[in-house]
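Here's data-v4.csv, which has CSV, C-alpha atoms and all ligand atoms:
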chain,number,residue,atom,x,y,z
I,7,MET,CA,-39.3,18.6,19.7
I,8,ARG,CA,-36.6,20.0,17.5
I,9,GLN,CA,-34.4,23.0,18.5
I,10,SER,CA,-35.9,26.2,17.0
I,11,THR,CA,-34.2,29.4,16.0
I,12,GLY,CA,-36.2,31.4,18.6
I,13,LEU,CA,-37.6,33.7,15.9
I,14,GLU,CA,-41.2,32.4,16.5
I,15,GLY,CA,-40.9,34.2,19.9
I,16,PHE,CA,-41.1,37.6,18.2
I,17,ARG,CA,-43.7,39.5,16.2
I,18,PHE,CA,-43.7,42.9,14.6
I,19,GLN,CA,-46.2,45.4,15.9
I,20,HIS,CA,-48.6,45.7,13.0
I,21,GLN,CA,-48.9,49.3,11.6
I,22,ALA,CA,-52.4,49.7,10.2
I,23,LEU,CA,-51.5,53.1,8.8
I,24,PRO,CA,-47.9,53.0,7.5
I,25,ASP,CA,-46.8,56.4,6.2
I,26,LEU,CA,-45.2,54.6,3.3
I,27,ASN,CA,-45.7,53.6,-0.4
I,28,LEU,CA,-44.9,49.9,-0.7
I,29,SER,CA,-43.1,50.5,-4.0
I,30,GLU,CA,-40.6,52.7,-2.2
I,31,VAL,CA,-39.8,50.4,0.8
I,32,ASN,CA,-36.1,50.0,0.5
I,33,PRO,CA,-34.4,46.7,1.6
I,34,GLN,CA,-30.9,47.8,0.4
I,35,VAL,CA,-28.0,47.8,2.9
I,36,ASP,CA,-24.3,48.6,3.0
I,37,PHE,CA,-22.2,45.8,4.5
I,38,LEU,CA,-18.5,46.3,5.1
I,39,GLY,CA,-18.5,49.0,2.6
I,40,TRP,CA,-20.3,47.0,-0.2
I,41,HIS,CA,-23.7,47.9,-1.4
I,42,LEU,CA,-26.3,45.0,-1.5
I,43,ARG,CA,-29.7,45.3,-3.2
I,44,VAL,CA,-31.1,42.7,-0.8
I,45,PRO,CA,-29.6,42.1,2.7
I,46,ILE,CA,-29.1,38.3,2.1
I,47,LEU,CA,-26.1,36.1,1.9
I,48,ILE,CA,-26.1,32.7,0.2
I,49,SER,CA,-24.2,30.9,3.0
I,50,SER,CA,-21.2,28.6,2.3
I,51,MET,CA,-22.1,25.2,1.0
I,52,THR,CA,-20.2,23.5,-1.7
I,53,GLY,CA,-17.4,23.1,-4.1
I,54,GLY,CA,-15.1,20.4,-5.5
I,55,THR,CA,-17.3,18.0,-7.5
I,56,ASP,CA,-19.1,18.2,-10.9
I,57,GLU,CA,-22.4,18.4,-9.0
I,58,ALA,CA,-20.9,21.2,-6.9
I,59,LEU,CA,-19.9,23.1,-10.0
I,60,ARG,CA,-23.5,23.0,-11.3
I,61,ILE,CA,-24.9,24.1,-7.9
I,62,ASN,CA,-22.4,26.9,-7.5
I,63,ALA,CA,-23.1,28.1,-11.1
I,64,ASN,CA,-26.8,28.2,-10.3
I,65,LEU,CA,-26.4,30.0,-7.0
I,66,ALA,CA,-24.0,32.5,-8.6
I,67,ARG,CA,-26.2,33.3,-11.6
I,68,ALA,CA,-29.1,33.9,-9.3
I,69,ALA,CA,-27.1,36.0,-6.9
I,70,GLN,CA,-26.0,38.2,-9.8
I,71,VAL,CA,-29.7,38.7,-10.9
I,72,VAL,CA,-31.1,39.4,-7.4
I,73,GLY,CA,-28.1,41.3,-6.0
I,74,VAL,CA,-27.3,39.3,-2.9
I,75,ALA,CA,-23.9,38.3,-1.5
I,76,MET,CA,-22.6,34.7,-1.8
I,77,ALA,CA,-20.0,32.5,-0.1
I,78,VAL,CA,-18.7,29.3,-1.5
I,79,GLY,CA,-18.2,26.1,0.5
I,80,SER,CA,-14.9,25.0,2.0
I,81,GLN,CA,-12.1,25.4,-0.5
I,82,ARG,CA,-9.8,23.0,1.3
I,83,VAL,CA,-10.5,20.4,-1.5
I,84,ALA,CA,-9.0,22.8,-4.0
I,85,ILE,CA,-5.7,22.8,-2.1
I,86,GLN,CA,-5.6,19.1,-2.0
I,87,ASP,CA,-6.7,18.6,-5.6
I,88,PRO,CA,-6.3,21.6,-8.0
I,89,SER,CA,-8.7,20.0,-10.5
I,90,CYS,CA,-11.4,21.0,-8.0
I,91,TRP,CA,-10.8,24.7,-8.8
I,92,ASP,CA,-13.3,24.8,-11.7
I,93,SER,CA,-16.2,24.3,-9.3
I,94,PHE,CA,-15.1,27.5,-7.5
I,95,ARG,CA,-14.0,29.6,-10.4
I,96,VAL,CA,-17.4,29.2,-12.1
I,97,VAL,CA,-18.8,31.5,-9.4
I,98,ARG,CA,-17.0,34.7,-10.3
I,99,GLU,CA,-17.5,33.9,-14.0
I,100,ALA,CA,-21.2,33.6,-13.5
I,101,ALA,CA,-21.5,36.6,-11.2
I,102,PRO,CA,-19.0,39.3,-12.0
I,103,ASP,CA,-20.6,41.9,-9.8
I,104,ILE,CA,-21.6,40.2,-6.5
I,105,VAL,CA,-19.9,40.4,-3.2
I,106,LEU,CA,-18.2,37.0,-2.9
I,107,PHE,CA,-16.5,35.2,0.0
I,108,GLY,CA,-14.2,32.2,0.0
I,109,ASN,CA,-14.3,29.7,2.8
I,110,LEU,CA,-11.9,27.5,4.9
I,111,GLY,CA,-12.2,25.7,8.2
I,112,ALA,CA,-10.2,27.7,10.8
I,113,VAL,CA,-9.0,24.3,12.2
I,114,GLN,CA,-6.9,23.9,9.0
I,115,LEU,CA,-4.6,26.6,10.5
I,116,ASN,CA,-3.6,23.8,12.9
I,117,TYR,CA,-3.1,21.3,10.1
I,118,GLY,CA,-0.5,22.9,7.9
I,119,LEU,CA,-2.3,25.8,6.3
I,120,GLY,CA,-1.6,29.5,6.9
I,121,ALA,CA,-2.2,33.1,5.7
I,122,ALA,CA,-0.5,32.4,2.3
I,123,ASP,CA,-3.0,29.6,1.6
I,124,VAL,CA,-5.9,31.8,2.6
I,125,ARG,CA,-4.6,34.5,0.3
I,126,GLU,CA,-4.3,32.1,-2.6
I,127,LEU,CA,-7.9,30.8,-2.1
I,128,VAL,CA,-9.3,34.3,-2.1
I,129,GLN,CA,-7.3,35.4,-5.2
I,130,GLY,CA,-8.1,32.2,-7.1
I,131,LEU,CA,-11.8,32.6,-6.5
I,132,GLY,CA,-11.8,36.3,-7.3
I,133,ALA,CA,-13.4,36.9,-3.9
I,134,ASP,CA,-13.8,40.0,-1.8
I,135,GLY,CA,-13.0,38.3,1.5
I,136,VAL,CA,-13.1,35.0,3.2
I,137,PHE,CA,-15.0,33.1,5.9
I,138,LEU,CA,-13.1,31.0,8.3
I,139,HIS,CA,-15.5,28.5,9.8
I,140,LEU,CA,-15.6,27.0,13.3
I,141,ASN,CA,-17.1,23.6,13.5
I,142,PRO,CA,-15.8,21.7,16.5
I,143,LEU,CA,-18.9,19.6,17.0
I,144,GLN,CA,-19.0,18.5,13.3
I,145,GLU,CA,-15.3,17.6,13.4
I,146,ALA,CA,-15.8,15.6,16.6
I,147,ILE,CA,-18.6,13.6,15.1
I,148,GLN,CA,-17.0,13.1,11.7
I,149,GLU,CA,-15.0,10.0,11.2
I,150,GLU,CA,-11.3,11.1,11.1
I,151,GLY,CA,-12.4,14.7,11.8
I,152,ASP,CA,-9.7,17.4,12.5
I,153,THR,CA,-10.2,17.9,16.2
I,154,ASN,CA,-7.2,19.9,17.4
I,155,PHE,CA,-8.7,23.4,18.0
I,156,ARG,CA,-6.0,24.5,20.4
I,157,GLY,CA,-4.5,28.0,19.9
I,158,LEU,CA,-6.7,28.9,16.9
I,159,LEU,CA,-7.8,32.3,18.2
I,160,ASN,CA,-4.2,33.7,17.8
I,161,LYS,CA,-3.8,32.0,14.4
I,162,ILE,CA,-7.0,33.6,13.2
I,163,GLY,CA,-5.6,36.9,14.4
I,164,GLU,CA,-2.3,36.2,12.5
I,165,VAL,CA,-4.3,35.7,9.3
I,166,THR,CA,-6.4,38.8,9.7
I,167,ARG,CA,-3.2,40.9,10.2
I,168,SER,CA,-1.4,39.4,7.2
I,169,VAL,CA,-4.0,39.8,4.5
I,170,THR,CA,-5.5,42.9,3.0
I,171,PHE,CA,-9.0,41.6,2.5
I,172,PRO,CA,-11.7,41.2,5.3
I,173,VAL,CA,-11.6,37.9,7.2
I,174,LEU,CA,-15.0,36.9,8.6
I,175,VAL,CA,-15.7,34.1,11.0
I,176,LYS,CA,-18.7,31.8,11.1
I,177,GLU,CA,-20.1,28.7,12.8
I,178,VAL,CA,-21.9,26.0,10.8
I,179,GLY,CA,-25.1,25.9,12.8
I,180,ALA,CA,-24.2,25.7,16.5
I,181,GLY,CA,-23.8,29.4,17.2
I,182,ILE,CA,-21.1,31.8,18.4
I,183,ASN,CA,-21.2,32.9,22.0
I,184,PRO,CA,-20.8,36.6,22.9
I,185,ALA,CA,-17.4,36.2,24.8
I,186,LEU,CA,-15.9,34.5,21.7
I,187,ALA,CA,-17.4,37.2,19.4
I,188,VAL,CA,-15.6,39.8,21.5
I,189,LYS,CA,-12.3,37.9,21.3
I,190,LEU,CA,-12.7,37.5,17.5
I,191,ALA,CA,-13.4,41.1,17.0
I,192,ARG,CA,-10.3,42.0,19.0
I,193,GLN,CA,-8.3,39.8,16.7
I,194,GLY,CA,-9.3,41.9,13.7
I,195,VAL,CA,-12.1,39.7,12.4
I,196,ALA,CA,-14.2,42.0,10.1
I,197,ALA,CA,-17.6,40.4,10.8
I,198,ILE,CA,-19.1,37.4,12.5
I,199,ASP,CA,-21.9,35.1,11.2
I,200,VAL,CA,-23.4,33.6,14.4
I,201,SER,CA,-24.8,30.7,12.4
I,202,GLY,CA,-26.9,29.4,15.3
I,203,ALA,CA,-29.0,26.3,16.0
I,204,GLY,CA,-32.5,25.8,14.7
I,205,GLY,CA,-31.7,25.0,11.0
I,206,THR,CA,-29.3,22.6,9.4
I,207,SER,CA,-27.9,20.3,12.1
I,208,TRP,CA,-24.4,19.1,11.1
I,209,ALA,CA,-24.4,16.6,14.0
I,210,GLN,CA,-27.5,15.0,12.5
I,211,ILE,CA,-26.0,15.0,9.0
I,212,GLU,CA,-22.6,13.5,10.1
I,213,GLY,CA,-24.5,11.0,12.2
I,214,LEU,CA,-26.6,9.9,9.2
I,215,ARG,CA,-23.4,9.7,7.1
I,216,ALA,CA,-21.5,7.6,9.6
I,217,SER,CA,-21.2,3.9,9.2
I,218,ALA,CA,-20.2,3.0,12.8
I,219,SER,CA,-23.1,2.7,15.2
I,220,GLY,CA,-21.4,4.8,17.9
I,221,ARG,CA,-21.1,7.7,15.5
I,222,LYS,CA,-24.6,7.3,14.3
I,223,ARG,CA,-25.7,7.6,18.0
I,224,LEU,CA,-23.6,10.8,18.4
I,225,GLY,CA,-25.6,12.3,15.6
I,226,THR,CA,-28.9,11.7,17.5
I,227,VAL,CA,-27.5,12.7,20.9
I,228,PHE,CA,-26.1,16.1,19.6
I,229,ARG,CA,-28.7,16.8,17.0
I,230,ASP,CA,-30.0,19.8,18.8
I,231,TRP,CA,-26.8,21.0,20.3
I,232,GLY,CA,-25.9,24.7,20.0
I,233,ILE,CA,-27.0,28.2,20.8
I,234,PRO,CA,-30.3,29.1,19.0
I,235,THR,CA,-29.8,31.7,16.3
I,236,VAL,CA,-31.8,34.4,18.2
I,237,ASP,CA,-29.9,33.8,21.5
I,238,ALA,CA,-26.6,34.0,19.7
I,239,LEU,CA,-27.6,37.1,17.7
I,240,LEU,CA,-29.0,39.0,20.7
I,241,ALA,CA,-26.2,38.2,23.0
I,242,CYS,CA,-23.5,39.1,20.4
I,243,ARG,CA,-25.3,42.3,19.5
I,244,ARG,CA,-25.5,43.3,23.2
I,245,ARG,CA,-21.8,42.9,23.6
I,246,LEU,CA,-20.8,44.5,20.3
I,247,PRO,CA,-23.4,47.2,19.6
I,248,GLU,CA,-21.8,48.5,16.4
I,249,TYR,CA,-20.0,45.4,15.1
I,250,PRO,CA,-21.0,43.8,11.7
I,251,LEU,CA,-23.0,40.7,12.5
I,252,ILE,CA,-24.6,38.2,10.2
I,253,ALA,CA,-27.5,36.0,11.3
I,254,SER,CA,-28.0,32.6,9.9
I,255,GLY,CA,-29.1,29.1,11.0
I,256,GLY,CA,-32.7,28.2,10.3
I,257,ILE,CA,-33.8,31.3,8.5
I,258,ARG,CA,-36.5,30.1,6.2
I,259,ASN,CA,-38.6,33.0,4.8
I,260,GLY,CA,-38.5,36.8,4.3
I,261,LEU,CA,-40.5,37.5,7.5
I,262,GLU,CA,-37.7,35.7,9.4
I,263,VAL,CA,-35.1,37.7,7.5
I,264,ALA,CA,-37.0,40.9,8.7
I,265,LYS,CA,-37.0,39.6,12.3
I,266,ALA,CA,-33.3,38.8,12.2
I,267,LEU,CA,-32.6,42.3,10.9
I,268,GLY,CA,-34.9,43.8,13.5
I,269,LEU,CA,-33.0,41.9,16.2
I,270,GLY,CA,-29.7,43.4,15.2
I,271,ALA,CA,-28.3,41.5,12.2
I,272,ASP,CA,-26.7,43.6,9.4
I,273,LEU,CA,-27.0,40.7,6.9
I,274,VAL,CA,-29.0,37.4,6.9
I,275,GLY,CA,-27.6,34.1,5.7
I,276,MET,CA,-29.3,31.1,4.3
I,277,ALA,CA,-28.0,27.7,3.2
I,278,GLY,CA,-30.1,24.5,3.3
I,279,PRO,CA,-33.2,25.7,1.3
I,280,LEU,CA,-31.0,27.4,-1.3
I,281,LEU,CA,-29.1,24.2,-1.9
I,282,LYS,CA,-32.4,22.4,-2.6
I,283,ALA,CA,-33.3,25.1,-5.2
I,284,ALA,CA,-29.9,25.1,-6.7
I,285,ARG,CA,-30.0,21.4,-7.4
I,286,GLU,CA,-33.1,22.2,-9.5
I,287,SER,CA,-32.2,25.3,-11.6
I,288,VAL,CA,-31.1,28.9,-11.7
I,289,ASP,CA,-34.7,29.9,-12.0
I,290,ALA,CA,-35.6,28.0,-8.8
I,291,VAL,CA,-32.9,29.9,-6.9
I,292,VAL,CA,-34.0,33.3,-8.3
I,293,GLU,CA,-37.6,32.5,-7.4
I,294,LEU,CA,-36.7,31.7,-3.8
I,295,LEU,CA,-34.5,34.8,-3.4
I,296,GLU,CA,-37.2,37.0,-5.0
I,297,SER,CA,-39.8,35.5,-2.6
I,298,LEU,CA,-37.5,36.2,0.4
I,299,SER,CA,-37.0,39.8,-0.8
I,300,TRP,CA,-40.7,40.3,-1.4
I,301,GLU,CA,-41.7,38.9,2.0
I,302,LEU,CA,-39.1,41.1,3.6
I,303,ARG,CA,-40.5,44.2,1.9
I,304,ILE,CA,-44.0,43.4,3.0
I,305,ALA,CA,-42.9,42.9,6.6
I,306,MET,CA,-41.2,46.3,6.4
I,307,PHE,CA,-44.2,47.9,4.9
I,308,ALA,CA,-46.8,46.4,7.3
I,309,SER,CA,-44.6,47.3,10.3
I,310,GLY,CA,-44.1,50.9,9.0
I,311,ALA,CA,-40.3,50.5,8.3
I,312,GLY,CA,-39.2,52.3,5.2
I,313,ASP,CA,-35.7,51.1,5.3
I,314,VAL,CA,-33.7,48.3,7.1
I,315,GLY,CA,-32.5,50.7,9.8
I,316,ALA,CA,-36.1,51.4,10.8
I,317,LEU,CA,-36.8,47.8,11.4
I,318,ARG,CA,-34.6,48.0,14.5
I,319,ARG,CA,-36.0,51.3,15.8
I,320,ASP,CA,-39.0,52.2,18.0
I,321,GLY,CA,-39.7,48.7,19.4
I,322,ARG,CA,-41.3,47.5,16.2
I,323,LEU,CA,-40.3,43.9,17.0
I,324,GLN,CA,-41.7,42.7,20.2
I,325,PRO,CA,-41.3,39.5,22.2
I,326,ILE,CA,-44.5,37.4,22.3
I,327,LEU,CA,-45.2,37.0,26.0
I,328,ARG,CA,-47.3,34.0,26.9
V,401,LIG,C1,-24.9,21.2,2.3
V,401,LIG,C2,-24.3,22.2,3.2
V,401,LIG,C3,-22.9,22.3,3.1
V,401,LIG,C4,-22.3,23.3,4.0
V,401,LIG,N1,-20.9,23.4,3.9
V,401,LIG,C5,-20.3,24.4,4.6
V,401,LIG,C6,-18.9,24.7,4.4
V,401,LIG,O1,-18.2,24.1,3.5
V,401,LIG,N2,-18.4,25.8,5.1
V,401,LIG,C7,-19.1,26.5,6.0
V,401,LIG,O2,-18.6,27.4,6.6
V,401,LIG,N3,-20.4,26.2,6.2
V,401,LIG,C8,-21.0,25.2,5.5
V,401,LIG,N4,-22.4,24.9,5.7
V,401,LIG,C9,-23.1,25.6,6.8
V,401,LIG,C10,-23.9,26.8,6.3
V,401,LIG,O3,-23.1,27.7,5.7
V,401,LIG,C11,-24.8,27.4,7.4
V,401,LIG,O4,-23.9,28.0,8.4
V,401,LIG,C12,-25.7,26.4,8.1
V,401,LIG,O5,-26.1,25.4,7.2
V,401,LIG,C13,-26.9,27.1,8.8
V,401,LIG,O6,-27.7,27.6,7.8
V,401,LIG,P1,-29.1,26.9,7.3
V,401,LIG,O7,-29.9,26.5,8.6
V,401,LIG,O8,-29.8,28.0,6.5
V,401,LIG,O9,-28.8,25.7,6.5
V,401,LIG,C14,-23.0,24.0,4.9
V,401,LIG,C15,-24.4,23.8,4.9
V,401,LIG,C16,-25.1,22.9,4.1
V,401,LIG,C17,-26.6,22.8,4.2

Re-express the file's structure as structure tokens.
Ligand SMILES: Cc1cc2nc3c(=O)[nH]c(=O)nc-3n(C[C@H](O)[C@H](O)[C@H](O)COP(=O)(O)O)c2cc1C
Amino acid sequence: MRQSTGLEGFRFQHQALPDLNLSEVNPQVDFLGWHLRVPILISSMTGGTDEALRINANLARAAQVVGVAMAVGSQRVAIQDPSCWDSFRVVREAAPDIVLFGNLGAVQLNYGLGAADVRELVQGLGADGVFLHLNPLQEAIQEEGDTNFRGLLNKIGEVTRSVTFPVLVKEVGAGINPALAVKLARQGVAAIDVSGAGGTSWAQIEGLRASASGRKRLGTVFRDWGIPTVDALLACRRRLPEYPLIASGGIRNGLEVAKALGLGADLVGMAGPLLKAARESVDAVVELLESLSWELRIAMFASGAGDVGALRRDGRLQPILR
């Protein structure tokens, strides 16, 4: 059986008489001072190639229409090859008003990059902040992965202190544990995306990509490695009651978005399914985002929550006890 997010273990208490008008249910949130019409983040995925340009343009146009936040995929390729910049710049051109984040592997701070490079990536993209991603398992399985993760916590802190925009930290689908979340918060990281297990498995993807049989085997052995999204979210929220947290990793519909918000997320990220839609068209991405938003509002209505804050209150979301 595949590792799940844990969201199936919770259900909202149905409210047969919500004192609400569905048309007035309000999914808007403020996140790090920005206003979002829908509390969803298009998680970091791609950049660099012609196909990535098309995907990023489709994601960005849809984000602009629906009013969600977006992060681009790792911008390291743009440092290595400036001709890759077009596939990143297209995002701000297509979406002048969205909340936009850049992205870089934190491990690159051990391979020659520093705060000045991060600043350049954010400025070049026209972004509002940046995600530094942590992906030790992926790098370990990847052929020629960058696997020196020593001393990175302090280097992340140095970056947060030397730039004027928010630096956020995320995993890539294996989760962030609460002790690490506390350490990152102390280093000045503005928000954390727990990006837990239960969705896209990078171990599996790297295993499938690998040519050597030993690496293929690693992909299978570690396919389900990681802290499930719900466990990571609940544990981090317990340790950091007021801290900005994003939940992602296996969120697949608007009811799951509602559950993640109810369990303490301030924003909910999604990657895999949006990539599939973006390969198709802008309209496919808009349709998926509109569906998520509509499903979220129905979950709010039928549980009697008029706004996102109310999703968390009064024990609306309950564990399913078997
Ligand atoms: C095709 C693809 C590419 C990704 N590339 C990046 C990346 O460059 N940087 C990053 O931080 N995360 C990357 N991720 C991880 C996602 O941002 C997200 O954390 C993870 O996929 C879990 O979400 P999901 O289950 O909704 O896909 C990528 C995910 C996918 C599917």

* Give the residues close to ligand LIG 401 (chain V), within 6 Å, counting all atoms listed in the file; write them as a list of chain:residue names. => I:Ser49, I:Ser50, I:Met51, I:Thr52, I:Gly79, I:Ser80, I:His139, I:Glu177, I:Val178, I:Gly179, I:Ser201, I:Gly205, I:Thr206, I:Ser254, I:Gly255, I:Gly256, I:Ile257, I:Met276, I:Ala277, I:Gly278

Give me the residues within 10 Å of I:Ala77 as an mmCIF file with C-alpha atoms, keeping the file's coordinate frame, counting all atoms listed in the file and dropping any in the same chain fewer than 3 places off.
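New file selection-v2.cif:
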data_model
loop_
_atom_site.group_PDB
_atom_site.id
_atom_site.type_symbol
_atom_site.label_atom_id
_atom_site.label_comp_id
_atom_site.auth_asym_id
_atom_site.auth_seq_id
_atom_site.Cartn_x
_atom_site.Cartn_y
_atom_site.Cartn_z
ATOM 1 C CA LEU I 47 -26.100 36.100 1.900
ATOM 2 C CA ILE I 48 -26.100 32.700 0.200
ATOM 3 C CA SER I 49 -24.200 30.900 3.000
ATOM 4 C CA SER I 50 -21.200 28.600 2.300
ATOM 5 C CA MET I 51 -22.100 25.200 1.000
ATOM 6 C CA THR I 52 -20.200 23.500 -1.700
ATOM 7 C CA ASN I 62 -22.400 26.900 -7.500
ATOM 8 C CA LEU I 65 -26.400 30.000 -7.000
ATOM 9 C CA ALA I 66 -24.000 32.500 -8.600
ATOM 10 C CA SER I 80 -14.900 25.000 2.000
ATOM 11 C CA VAL I 97 -18.800 31.500 -9.400
ATOM 12 C CA VAL I 105 -19.900 40.400 -3.200
ATOM 13 C CA LEU I 106 -18.200 37.000 -2.900
ATOM 14 C CA PHE I 107 -16.500 35.200 0.000
ATOM 15 C CA GLY I 108 -14.200 32.200 0.000
ATOM 16 C CA ASN I 109 -14.300 29.700 2.800
ATOM 17 C CA ALA I 133 -13.400 36.900 -3.900
ATOM 18 C CA ASP I 134 -13.800 40.000 -1.800
ATOM 19 C CA GLY I 135 -13.000 38.300 1.500
ATOM 20 C CA VAL I 136 -13.100 35.000 3.200
ATOM 21 C CA PHE I 137 -15.000 33.100 5.900
ATOM 22 C CA GLY I 275 -27.600 34.100 5.700
ATOM 23 C CA ALA I 277 -28.000 27.700 3.200
#

* Asked: Between atom CA of I:Leu159 and atom CA of I:Gln86, what is the distance, to one decimal in Å?
  -> 24.2 Å

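Atom CA of I:Phe16 is positioned 12.9 Å from atom CA of I:Thr235.
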
* Asked: Skipping near chain neighbours, those fewer than 3 positions away, what residues fall within 9 Å of I:Ala112 using only C-alpha atoms, listed as a list of chain:residue names?
  ->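 Everything that qualifies: I:Leu115, I:Asn116, I:Phe137, I:Leu138, I:His139, I:Leu140, I:Asn141, I:Phe155, I:Leu158, I:Lys161, I:Ile162, I:Val175.
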
Could you please take those selected residues and save C-alpha atoms as a CSV table (one decimal), in the coordinates of the input?
chain,number,residue,atom,x,y,z
I,115,LEU,CA,-4.6,26.6,10.5
I,116,ASN,CA,-3.6,23.8,12.9
I,137,PHE,CA,-15.0,33.1,5.9
I,138,LEU,CA,-13.1,31.0,8.3
I,139,HIS,CA,-15.5,28.5,9.8
I,140,LEU,CA,-15.6,27.0,13.3
I,141,ASN,CA,-17.1,23.6,13.5
I,155,PHE,CA,-8.7,23.4,18.0
I,158,LEU,CA,-6.7,28.9,16.9
I,161,LYS,CA,-3.8,32.0,14.4
I,162,ILE,CA,-7.0,33.6,13.2
I,175,VAL,CA,-15.7,34.1,11.0

* What is the distance between atom CA of I:Asp92 and atom CA of I:Phe37, in Å to one decimal? -> 28.0 Å

* If you count all atoms listed in the file, which residues fall within 12 Å of I:Ala185, apart from same-chain ones fewer than 3 positions away, as an NGL selection string? -> :I and (182 or 188-192 or 238 or 241-246)

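For I:Ala253, the set of protein, DNA and RNA residues having any atom at most 9 Å away, when counting all atoms listed in the file and skipping those fewer than 6 positions along the same chain, is Ile198, Asp199, Val200, Ser201, Gly202, Thr235, Val236, Ala238, Leu239, Val263, Ala266, Leu267, Gly270, Ala271, Asp272, Leu273, Val274, Gly275 and Met276 of chain I.
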
* To do: For I:Leu269, please output as an MDAnalysis selection string all residues within 7 Å (counting all atoms listed in the file; exclusion window: fewer than 3 positions along the same chain).
  => chainID I and resid 240 265:266 318

* Asked: Taking only C-alpha atoms into account, which of I:Asp103, I:Gln19, I:Thr226, I:Asp56 comes nearest I:His41?
  -> I:Asp103

* Pick from I:Val71, I:Ile147, I:Phe18, I:Val165: nearest to I:Arg319, with only C-alpha atoms counted? ->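 Using only C-alpha atoms, I:Arg319 sits closest to I:Phe18.
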
* **Residue among I:Gln114, I:Thr166, I:Thr11, I:Asn32 lying closest to I:Arg303, counting all atoms listed in the file** => I:Asn32

Write a file for stretch 194-207 of chain I of the given structure; include N, CA and C atoms and format it as a CSV table (one decimal), in the first residue's frame.
chain,number,residue,atom,x,y,z
I,194,GLY,N,15.2,32.9,11.1
I,194,GLY,CA,14.6,34.0,10.4
I,194,GLY,C,13.9,33.6,9.1
I,195,VAL,N,13.7,32.3,9.0
I,195,VAL,CA,12.9,31.8,7.8
I,195,VAL,C,11.5,32.3,8.0
I,196,ALA,N,10.9,32.9,6.9
I,196,ALA,CA,9.6,33.6,7.1
I,196,ALA,C,8.4,32.6,7.1
I,197,ALA,N,8.5,31.5,6.5
I,197,ALA,CA,7.4,30.5,6.5
I,197,ALA,C,8.0,29.2,6.0
I,198,ILE,N,7.3,28.1,6.4
I,198,ILE,CA,7.8,26.7,6.0
I,198,ILE,C,6.7,26.0,5.3
I,199,ASP,N,7.0,25.4,4.2
I,199,ASP,CA,6.1,24.4,3.5
I,199,ASP,C,6.6,23.0,3.9
I,200,VAL,N,5.7,22.3,4.7
I,200,VAL,CA,6.1,21.0,5.2
I,200,VAL,C,6.3,20.0,4.1
I,201,SER,N,5.6,20.2,3.0
I,201,SER,CA,5.8,19.3,1.8
I,201,SER,C,6.0,17.8,2.2
I,202,GLY,N,5.0,17.2,2.7
I,202,GLY,CA,5.1,15.9,3.3
I,202,GLY,C,4.9,14.8,2.3
I,203,ALA,N,5.0,13.5,2.9
I,203,ALA,CA,4.9,12.3,2.0
I,203,ALA,C,3.4,12.0,1.8
I,204,GLY,N,3.1,11.4,0.7
I,204,GLY,CA,1.7,11.0,0.4
I,204,GLY,C,1.3,11.5,-1.0
I,205,GLY,N,2.2,12.3,-1.6
I,205,GLY,CA,1.9,12.7,-3.0
I,205,GLY,C,3.1,12.3,-3.9
I,206,THR,N,3.6,13.3,-4.6
I,206,THR,CA,4.7,13.0,-5.5
I,206,THR,C,5.9,12.4,-4.7
I,207,SER,N,6.4,11.3,-5.2
I,207,SER,CA,7.6,10.7,-4.5
I,207,SER,C,8.8,10.9,-5.4
